[in-house]
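Asker: Before I ask anything, here is the structure I am working with.
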Amino acid sequence: MILVLNQELFDAALFFLDSRFPDGADGGCAAMKCASGKILISTKVPNKNESAVLCHETGAIAEAWKLGEKVVASICLSRKNGEKPVVFSPCGLCQERLMVFCNFDFSEASDIEIAVPDPENKCGFLVRKLSELQPYYWRNVKKY
Ligand SMILES: [Zn+2]
């Protein structure tokens, strides 16, 4: 199986992270690869009111929807205290957004490749399908 989520997508995320948050500053981002080959990148929008925070993934998901792009892979990086960035899995809400907004066919969305953390792996992550993150996803009951 040839993965869409590869070094190119990781490097794009890291390049953005180092550009937007230079000198090892705290920050993060999500990079998403589209079926067209386009890479969309966004970052968290912080807020003193936690309920108003937008996740790293939110901007890229909205951009994909705006452009009519199909997301096929996603990776999220976060860095604190100048340390090496770590991979974050998308939160439950972003998993739902990916499932609903980033593809136009339910079964295709299930196949979106997602980077999940794996400290034992040399690159710090593994690739799993979106459906593997939610084996009991609510829409599996009835395909809406
Ligand atoms: Zn999220």
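By order of appearance in the structure tokens: chains A, B, ..., then residues from 1 within every chain, and ligands from 1 in the order shown.
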Output as CSV one row per residue of chain A within 7 Å of ligand 1: the closest atom pair and its distance in Å to one decimal place, counting only C-alpha atoms and all ligand atoms, sorted by chain and residue number ascending.
Answerer:
residue,atom,partner,partner_atom_place_in_ligand_line,distance
A:Cys55,CA,ligand 1,1 (Zn),4.5
A:His56,CA,ligand 1,1 (Zn),6.7
A:Glu57,CA,ligand 1,1 (Zn),6.2
A:Thr58,CA,ligand 1,1 (Zn),6.9
A:Pro90,CA,ligand 1,1 (Zn),5.4
A:Cys91,CA,ligand 1,1 (Zn),4.2
A:Gly92,CA,ligand 1,1 (Zn),6.5
A:Leu93,CA,ligand 1,1 (Zn),5.3
A:Cys94,CA,ligand 1,1 (Zn),4.1
Asker: Neighbouring residues of Asn140 (chain A) were defined as those with any atom within 10 Å, considering only C-alpha atoms; residues of the same chain fewer than 4 positions away were excluded. Please report them as a ChimeraX atom specification.
Answerer: /A:106,131,134-136,144
Asker: Find, counting only C-alpha atoms, the residue in A:Trp65, A:Phe104, A:Phe21, A:Phe125 that gets nearest to Val87 (chain A).
Answerer: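 Counting only C-alpha atoms, the residue closest to Val87 (chain A) is A:Phe125.
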Asker: Using only C-alpha atoms, which of the listed residues (A:Val53, A:Phe101, A:Gly28, A:Asp111) sits closest to Cys76 (chain A)?
Answerer: A:Gly28
Asker: Env of Lys38 (chain A): 10 Å cut, atoms = only C-alpha atoms, seq-sep filter 4 positions within chain, self excluded. Answer as a list in words.
Answerer: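 Those residues are Met32, Lys33, Cys34, Ala64, Glu69, Lys70 and Val71 of chain A.
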Asker: Those same residues - C-alpha atoms - I'd like them written as a JSON list (two decimals), in the first residue's frame.
Answerer:
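Below is the file that was written, again-v5.json:
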[["chain", "number", "residue", "atom", "x", "y", "z"],
["A", 32, "MET", "CA", -3.91, 18.08, 4.84],
["A", 33, "LYS", "CA", -3.27, 16.56, 1.47],
["A", 34, "CYS", "CA", -6.07, 16.76, -1.08],
["A", 64, "ALA", "CA", -11.07, 22.17, 1.68],
["A", 69, "GLU", "CA", -11.31, 19.56, -2.39],
["A", 70, "LYS", "CA", -11.31, 16.00, -1.11],
["A", 71, "VAL", "CA", -8.95, 15.55, 1.83]]
Asker: Which residues are close to Ile75 (chain A), i.e. within 9 Å by only C-alpha atoms, leaving aside same-chain residues fewer than 4 positions away? Reply as a list in words.
Answerer: Leu5, Leu9, Phe10, Ala13, Cys29, Ala30, Ala31, Met32, Lys33, Glu57, Val87, Phe88, Ser89, Pro90, Glu113, Ile114, Ala115 and Val116 of chain A
Asker: Only N, CA and C atoms, please: the residues just picked out, written as an mmCIF file, in the first residue's frame.
Answerer:
data_model
loop_
_atom_site.group_PDB
_atom_site.id
_atom_site.type_symbol
_atom_site.label_atom_id
_atom_site.label_comp_id
_atom_site.auth_asym_id
_atom_site.auth_seq_id
_atom_site.Cartn_x
_atom_site.Cartn_y
_atom_site.Cartn_z
ATOM 1 N N LEU A 5 -0.112 9.875 3.045
ATOM 2 C CA LEU A 5 0.483 10.584 4.168
ATOM 3 C C LEU A 5 1.945 10.142 4.263
ATOM 4 N N LEU A 9 4.206 15.442 3.317
ATOM 5 C CA LEU A 9 3.180 16.106 4.134
ATOM 6 C C LEU A 9 3.745 16.492 5.500
ATOM 7 N N PHE A 10 4.539 15.606 6.087
ATOM 8 C CA PHE A 10 5.195 15.932 7.363
ATOM 9 C C PHE A 10 6.099 17.149 7.184
ATOM 10 N N ALA A 13 4.177 20.397 6.951
ATOM 11 C CA ALA A 13 3.703 20.828 8.270
ATOM 12 C C ALA A 13 4.856 21.429 9.076
ATOM 13 N N CYS A 29 0.261 22.983 14.026
ATOM 14 C CA CYS A 29 -0.462 23.140 12.765
ATOM 15 C C CYS A 29 -0.993 21.786 12.315
ATOM 16 N N ALA A 30 -1.886 21.838 11.363
ATOM 17 C CA ALA A 30 -2.356 20.628 10.690
ATOM 18 C C ALA A 30 -2.108 20.820 9.205
ATOM 19 N N ALA A 31 -1.600 19.792 8.553
ATOM 20 C CA ALA A 31 -1.410 19.809 7.102
ATOM 21 C C ALA A 31 -2.263 18.694 6.512
ATOM 22 N N MET A 32 -3.022 19.056 5.484
ATOM 23 C CA MET A 32 -3.907 18.082 4.843
ATOM 24 C C MET A 32 -3.622 18.005 3.360
ATOM 25 N N LYS A 33 -3.492 16.792 2.889
ATOM 26 C CA LYS A 33 -3.271 16.557 1.466
ATOM 27 C C LYS A 33 -4.614 16.291 0.817
ATOM 28 N N GLU A 57 -6.739 21.848 12.961
ATOM 29 C CA GLU A 57 -7.316 21.304 11.735
ATOM 30 C C GLU A 57 -8.423 22.162 11.128
ATOM 31 N N VAL A 87 3.283 14.464 17.134
ATOM 32 C CA VAL A 87 2.061 14.285 16.343
ATOM 33 C C VAL A 87 0.879 14.142 17.290
ATOM 34 N N PHE A 88 -0.183 14.844 16.973
ATOM 35 C CA PHE A 88 -1.443 14.724 17.703
ATOM 36 C C PHE A 88 -2.468 14.079 16.786
ATOM 37 N N SER A 89 -3.255 13.187 17.325
ATOM 38 C CA SER A 89 -4.426 12.698 16.595
ATOM 39 C C SER A 89 -5.477 13.802 16.599
ATOM 40 N N PRO A 90 -6.332 13.843 15.586
ATOM 41 C CA PRO A 90 -7.399 14.852 15.611
ATOM 42 C C PRO A 90 -8.378 14.561 16.748
ATOM 43 N N GLU A 113 -6.304 9.125 5.426
ATOM 44 C CA GLU A 113 -5.153 8.693 6.217
ATOM 45 C C GLU A 113 -4.853 9.732 7.293
ATOM 46 N N ILE A 114 -4.705 9.253 8.510
ATOM 47 C CA ILE A 114 -4.500 10.127 9.666
ATOM 48 C C ILE A 114 -3.205 9.733 10.372
ATOM 49 N N ALA A 115 -2.380 10.721 10.684
ATOM 50 C CA ALA A 115 -1.188 10.447 11.487
ATOM 51 C C ALA A 115 -1.594 10.349 12.951
ATOM 52 N N VAL A 116 -1.181 9.276 13.594
ATOM 53 C CA VAL A 116 -1.435 9.088 15.031
ATOM 54 C C VAL A 116 -0.089 8.918 15.727
#
Asker: One decimal, Å: what's the distance from CA of Cys123 (chain A) over to CA of Leu77 (chain A), could you say?
Answerer: 12.1 Å
Asker: For the atom pair CA of Gln7 (chain A) and CA of Asp23 (chain A), what is the interatomic distance in Å to one decimal place?
Answerer: 22.0 Å
Asker: Could you pull out all residues of chain A with a DSSP call of alpha helix (DSSP H) and give them as a PyMOL selection string?
Answerer: chain A and resi 7-20+58-67+92-101+106-110+130-133
Asker: Could you write out the selected residues, including C-alpha atoms, as a PDB file, in the first residue's frame?
Answerer:
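Generated file (selection_10.pdb):
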ATOM      1  CA  GLN A   7       7.371  12.598   4.376  1.00  0.00           C
ATOM      2  CA  GLU A   8       6.238  15.357   1.991  1.00  0.00           C
ATOM      3  CA  LEU A   9       3.180  16.106   4.134  1.00  0.00           C
ATOM      4  CA  PHE A  10       5.195  15.932   7.363  1.00  0.00           C
ATOM      5  CA  ASP A  11       7.817  18.273   5.885  1.00  0.00           C
ATOM      6  CA  ALA A  12       5.121  20.734   4.746  1.00  0.00           C
ATOM      7  CA  ALA A  13       3.703  20.828   8.270  1.00  0.00           C
ATOM      8  CA  LEU A  14       7.153  21.254   9.812  1.00  0.00           C
ATOM      9  CA  PHE A  15       8.087  24.018   7.357  1.00  0.00           C
ATOM     10  CA  PHE A  16       4.906  25.904   8.230  1.00  0.00           C
ATOM     11  CA  LEU A  17       5.464  25.358  11.959  1.00  0.00           C
ATOM     12  CA  ASP A  18       9.022  26.720  11.779  1.00  0.00           C
ATOM     13  CA  SER A  19       7.910  29.668   9.612  1.00  0.00           C
ATOM     14  CA  ARG A  20       4.863  30.680  11.654  1.00  0.00           C
ATOM     15  CA  THR A  58     -10.298  23.635  11.514  1.00  0.00           C
ATOM     16  CA  GLY A  59      -8.920  26.133   8.982  1.00  0.00           C
ATOM     17  CA  ALA A  60      -7.723  23.445   6.560  1.00  0.00           C
ATOM     18  CA  ILE A  61     -11.058  21.636   6.784  1.00  0.00           C
ATOM     19  CA  ALA A  62     -12.939  24.871   6.046  1.00  0.00           C
ATOM     20  CA  GLU A  63     -10.571  25.652   3.160  1.00  0.00           C
ATOM     21  CA  ALA A  64     -11.071  22.172   1.680  1.00  0.00           C
ATOM     22  CA  TRP A  65     -14.818  22.651   1.868  1.00  0.00           C
ATOM     23  CA  LYS A  66     -14.581  26.105   0.285  1.00  0.00           C
ATOM     24  CA  LEU A  67     -12.446  24.823  -2.601  1.00  0.00           C
ATOM     25  CA  GLY A  92     -13.306  13.861  18.194  1.00  0.00           C
ATOM     26  CA  LEU A  93     -14.851  16.997  16.776  1.00  0.00           C
ATOM     27  CA  CYS A  94     -12.224  17.280  14.032  1.00  0.00           C
ATOM     28  CA  GLN A  95     -12.656  13.581  13.250  1.00  0.00           C
ATOM     29  CA  GLU A  96     -16.321  14.325  12.732  1.00  0.00           C
ATOM     30  CA  ARG A  97     -15.509  17.364  10.584  1.00  0.00           C
ATOM     31  CA  LEU A  98     -13.118  15.285   8.487  1.00  0.00           C
ATOM     32  CA  MET A  99     -15.735  12.594   8.059  1.00  0.00           C
ATOM     33  CA  VAL A 100     -18.450  15.046   7.033  1.00  0.00           C
ATOM     34  CA  PHE A 101     -16.833  18.067   5.387  1.00  0.00           C
ATOM     35  CA  PHE A 106     -18.912   8.501   3.246  1.00  0.00           C
ATOM     36  CA  SER A 107     -16.838   5.457   2.314  1.00  0.00           C
ATOM     37  CA  GLU A 108     -14.054   7.629   0.877  1.00  0.00           C
ATOM     38  CA  ALA A 109     -13.960   9.717   4.055  1.00  0.00           C
ATOM     39  CA  SER A 110     -13.449   6.550   6.084  1.00  0.00           C
ATOM     40  CA  LEU A 130     -10.047   7.690   9.809  1.00  0.00           C
ATOM     41  CA  SER A 131     -12.420   4.748  10.243  1.00  0.00           C
ATOM     42  CA  GLU A 132      -9.841   3.043  12.475  1.00  0.00           C
ATOM     43  CA  LEU A 133      -9.926   5.975  14.884  1.00  0.00           C
TER      44      LEU A 133
END
Asker: Report the distance between CA of Lys80 (chain A) and CA of Glu120 (chain A) in Å, rounded to one decimal place.
Answerer: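 These two atoms are separated by 19.6 Å.
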Asker: If you run DSSP on the backbone here, which positions in chain A get strand (DSSP E)? Please write them as a ChimeraX atom specification.
Answerer: /A:27-34,39-42,71-79,86-88,113-117,125-129
